[in-house]
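A short write-up of the structure that comes next.
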Amino acid sequence: MSDPADERQDPQALWTAVDDYIAGLLVAEDPALEQARKASTEAGLPPIAVTPSQGKLMELLARVQHARTILELGTLGGYSTIWLARALPAGGRLVTLEAEPRYAEVARANIARAGFGDIVELRVGPALETLPRLFDEGAGPFDLVFIDADKANNPGYLEWSLKLSRPGTLIVVDNVVRDGAILDPAAYDPERGDPHIRGVRRFYELLAAEPRLSATAIQTVGDKGYDGFVLAIVDATAGDYGLGTG
Ligand code: SAH
Ligand code: DHB
Ligand code: MG
C-alpha cells in the first residue's frame with residue numbers, strides 16, 4: 001500500500017483505501033461473490049456493481065426488513081443480486097430485471113454458481129416493459145425494492161415500485177448524488193442536460209411530493225467515488241393490494 005500521506009492529497013485514493021480497510025475487516029466475500037465479480041470483469045461488464053461494503057449494506061437492510069420477497073431493477077452481473085439473495089429466509093424469492101441479454105447471461109451463471117438459481121428469477125428486457133407484466137401477473141407485494149438500472153427512468157421505476165409495494169416496503173435507490181452533478185444546472189438542463197441526472201432530479205421531485213413515502217438520501221464516498229442512495233419506506237399504498245382500507 002502507498003504512503004497514507006499521499007492518499008490524503010488524493011481524496012479518491014483515501015476513500016478507496018478506507019473502503020478496503022473496512023471491507024477487509026468487516027465484509028467477508030464468499031467464493032461465490034468473489035467469482036461473480038471476477039467473471040463479470042472477465043466478460044467485459046462495466047465496473048459499476050455495488051462495492052463489497054455496499055453489497056453488505058444491501059444484505060443487512062434486507063435482514064433488518066425481514067424481507068422474504070425482493071425486487072431488483074438492474075442486475076448487471078448479479079453481484080448485488082447475490083448479496084440480497086443471501087439475506088432471504090427459506091422460501092424467499094428475488095426477481096431481478098435486466099435489459100441487456102449479454103449481462104443477463106453472465107448474471108445467470110453467477111447466480112447459479114452462488115446457489116441461488118432456484119430463488120432468483122431474472123427477467124430480461126427494459127424494466128419499463130417487464131414491470132407492468134410483473135404487476136399484471138399479480139407479483140408482489142415485495143418487501144424490498146432495489147432500484148439500480150438506468151437512472152433516466154427512475155421516475156417510472158418509482159411509480160412501478162409503489163404499485164408492487166405494501167405499507168412497510170423498503171425502497172432503496174442507488175446513485176442519487178453522482179459527484180454532486182444533481183446540483184449542476186448544465187447537467188439537469190431539460191434540453192442539453194444528462195438524461196440520467198434529469199431522471200434523478202425528477203425522481204427526487206416525485207419522492208418529495210409522494211405522500212405514500214417517507215424518505216431520506218445519504219451521501220457516500222468509497223471505492224466508487226462520491227455518490228449516494230435513497231432510502232424510502234412505503235407508509236401507505238394506493239390500495240393496489242387492498243391494504244390500509246380498514
Ligand atoms: N445492481 C448491479 C448494478 C447494476 S448497473 C450491481 O450492483 O451489481 C445498471 C444495470 O441496469 C446495467 O446492467 C444495465 O444494463 C441495466 N439497465 C439499463 N437500462 C435498463 C432498463 N431500461 N431496464 C433494465 N435494466 C437496465
Ligand atoms: C454507474 C454506477 C452505478 O452504480 C450504476 O448503477 C450505474 C452506473 C456509473 O458509475 O456509471
Ligand atoms: Mg448503482
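Chain labels run A, B, ... following the order of the C-alpha cells; each chain numbers its residues from 1, and ligands are numbered from 1 in the order shown.
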
>> Using DSSP assignments from the backbone, pull out every residue in segment 26-231 of chain A that falls under alpha helix (DSSP H) and give it to me as an MDAnalysis selection string.
In response: chainID A and resid 26 31:42 52:64 79:86 101:113 127:136 154:163 185:188 195:209

> Which neighbours of segment 20-28 of chain A fall inside 8 Å, counting only C-alpha atoms, when residues of the same chain fewer than 4 positions from it are skipped, and could you give them as JSON, numbers by chain?
Replying inline: {"A": [16, 52, 53, 56, 223]}

> Could you name the residues that touch segment 81-98 of chain A at 6 Å or less, counting only C-alpha atoms, but leaving out those on the same chain fewer than 2 positions away, as a list in words?
Replying inline: Gly55, Met58, Glu59, Ala62, Arg63, Arg68, Thr69, Ile70, Leu71, Glu72, Leu73, Gly74, Thr75, Gly78, Tyr79, Glu100, Ile119, Val120, Glu121, Leu122, Arg123, Val124 and Gly125 of chain A

> Which protein, DNA or RNA residues have an atom within 8 Å of ligand 3, counting only C-alpha atoms and all ligand atoms, as a VMD selection string?
Replying inline: chain A and resid 48 to 50 148 to 149 174 to 175

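Among A:Asn110, A:Ser165, A:Thr216, A:Ser80, the residue with the shortest atom-to-atom distance to ligand 1, counting only C-alpha atoms and all ligand atoms, is A:Ser80.
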
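Nearest to Ala13 of chain A of all the residues A:Tyr188, A:Tyr226, A:Phe142, A:Tyr103 is A:Tyr226, counting only C-alpha atoms.
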
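With only C-alpha atoms taken into account, the protein and nucleic acid residues at most 7 Å from segment 200-211 of chain A (excluding it and anything under 5 positions from it in its own chain) are Lys151, Ala152, Asn154, Pro155, Val176 and Ile182 of chain A.
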
Selection from above, N, CA, C and O atoms, as a PDB file, in the first residue's frame, can you write it?
```
ATOM      1  N   LYS A 151     -30.710   5.472 -14.816  1.00  0.00           N
ATOM      2  CA  LYS A 151     -31.248   6.500 -13.910  1.00  0.00           C
ATOM      3  C   LYS A 151     -32.275   7.393 -14.608  1.00  0.00           C
ATOM      4  O   LYS A 151     -33.107   8.020 -13.955  1.00  0.00           O
ATOM      5  N   ALA A 152     -32.216   7.452 -15.933  1.00  0.00           N
ATOM      6  CA  ALA A 152     -33.168   8.290 -16.679  1.00  0.00           C
ATOM      7  C   ALA A 152     -34.603   7.860 -16.406  1.00  0.00           C
ATOM      8  O   ALA A 152     -35.517   8.683 -16.400  1.00  0.00           O
ATOM      9  N   ASN A 154     -35.730   6.531 -13.567  1.00  0.00           N
ATOM     10  CA  ASN A 154     -36.042   6.422 -12.137  1.00  0.00           C
ATOM     11  C   ASN A 154     -37.459   6.894 -11.784  1.00  0.00           C
ATOM     12  O   ASN A 154     -38.099   6.286 -10.925  1.00  0.00           O
ATOM     13  N   PRO A 155     -37.975   7.969 -12.438  1.00  0.00           N
ATOM     14  CA  PRO A 155     -39.348   8.374 -12.098  1.00  0.00           C
ATOM     15  C   PRO A 155     -40.351   7.246 -12.333  1.00  0.00           C
ATOM     16  O   PRO A 155     -41.175   6.938 -11.463  1.00  0.00           O
ATOM     17  N   VAL A 176     -27.813   8.448  -6.451  1.00  0.00           N
ATOM     18  CA  VAL A 176     -28.661   9.641  -6.441  1.00  0.00           C
ATOM     19  C   VAL A 176     -27.885  10.930  -6.154  1.00  0.00           C
ATOM     20  O   VAL A 176     -28.492  11.969  -5.939  1.00  0.00           O
ATOM     21  N   ILE A 182     -26.105  16.358  -9.449  1.00  0.00           N
ATOM     22  CA  ILE A 182     -27.530  16.676  -9.330  1.00  0.00           C
ATOM     23  C   ILE A 182     -27.766  18.168  -9.059  1.00  0.00           C
ATOM     24  O   ILE A 182     -28.877  18.655  -9.230  1.00  0.00           O
TER      25      ILE A 182
END
```

> How many Å lie between atom CA of Pro46 of chain A and atom CA of Arg178 of chain A, rounded to one decimal?
Replying inline: 16.5 Å

Counting only C-alpha atoms, which residues of segment 147-214 of chain A fall within 10 Å of segment 126-139 of chain A, and what is the closest atom pair for each with its distance in Å at one decimal, ordered by chain and rising number, as a tab-separated table?
```
residue	atom	partner	partner_atom	distance
A:Ala149	CA	A:Ala127	CA	8.2
A:Asp150	CA	A:Ala127	CA	9.3
A:Asn153	CA	A:Leu128	CA	8.0
A:Gly156	CA	A:Leu128	CA	7.3
A:Tyr157	CA	A:Leu128	CA	7.3
A:Trp160	CA	A:Leu131	CA	6.6
A:Ser161	CA	A:Leu131	CA	8.5
A:Lys163	CA	A:Phe135	CA	7.5
A:Leu164	CA	A:Phe135	CA	6.7
A:Ser165	CA	A:Ala139	CA	9.9
```

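Each of A:Glu105, A:Asp10, A:Glu191, A:Asp179 was compared to ligand 2 using only C-alpha atoms and all ligand atoms, and A:Asp179 turns out to be the nearest.
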
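Each of A:Ala215, A:Val221, A:Val234, A:Val173 was checked against ligand 2 using only C-alpha atoms and all ligand atoms; the smallest atom-to-atom distance is that of A:Val173.
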
> What is the atom CA of Thr169 of chain A-atom CA of Leu33 of chain A distance in Å, reported with one decimal?
Replying inline: 26.2 Å
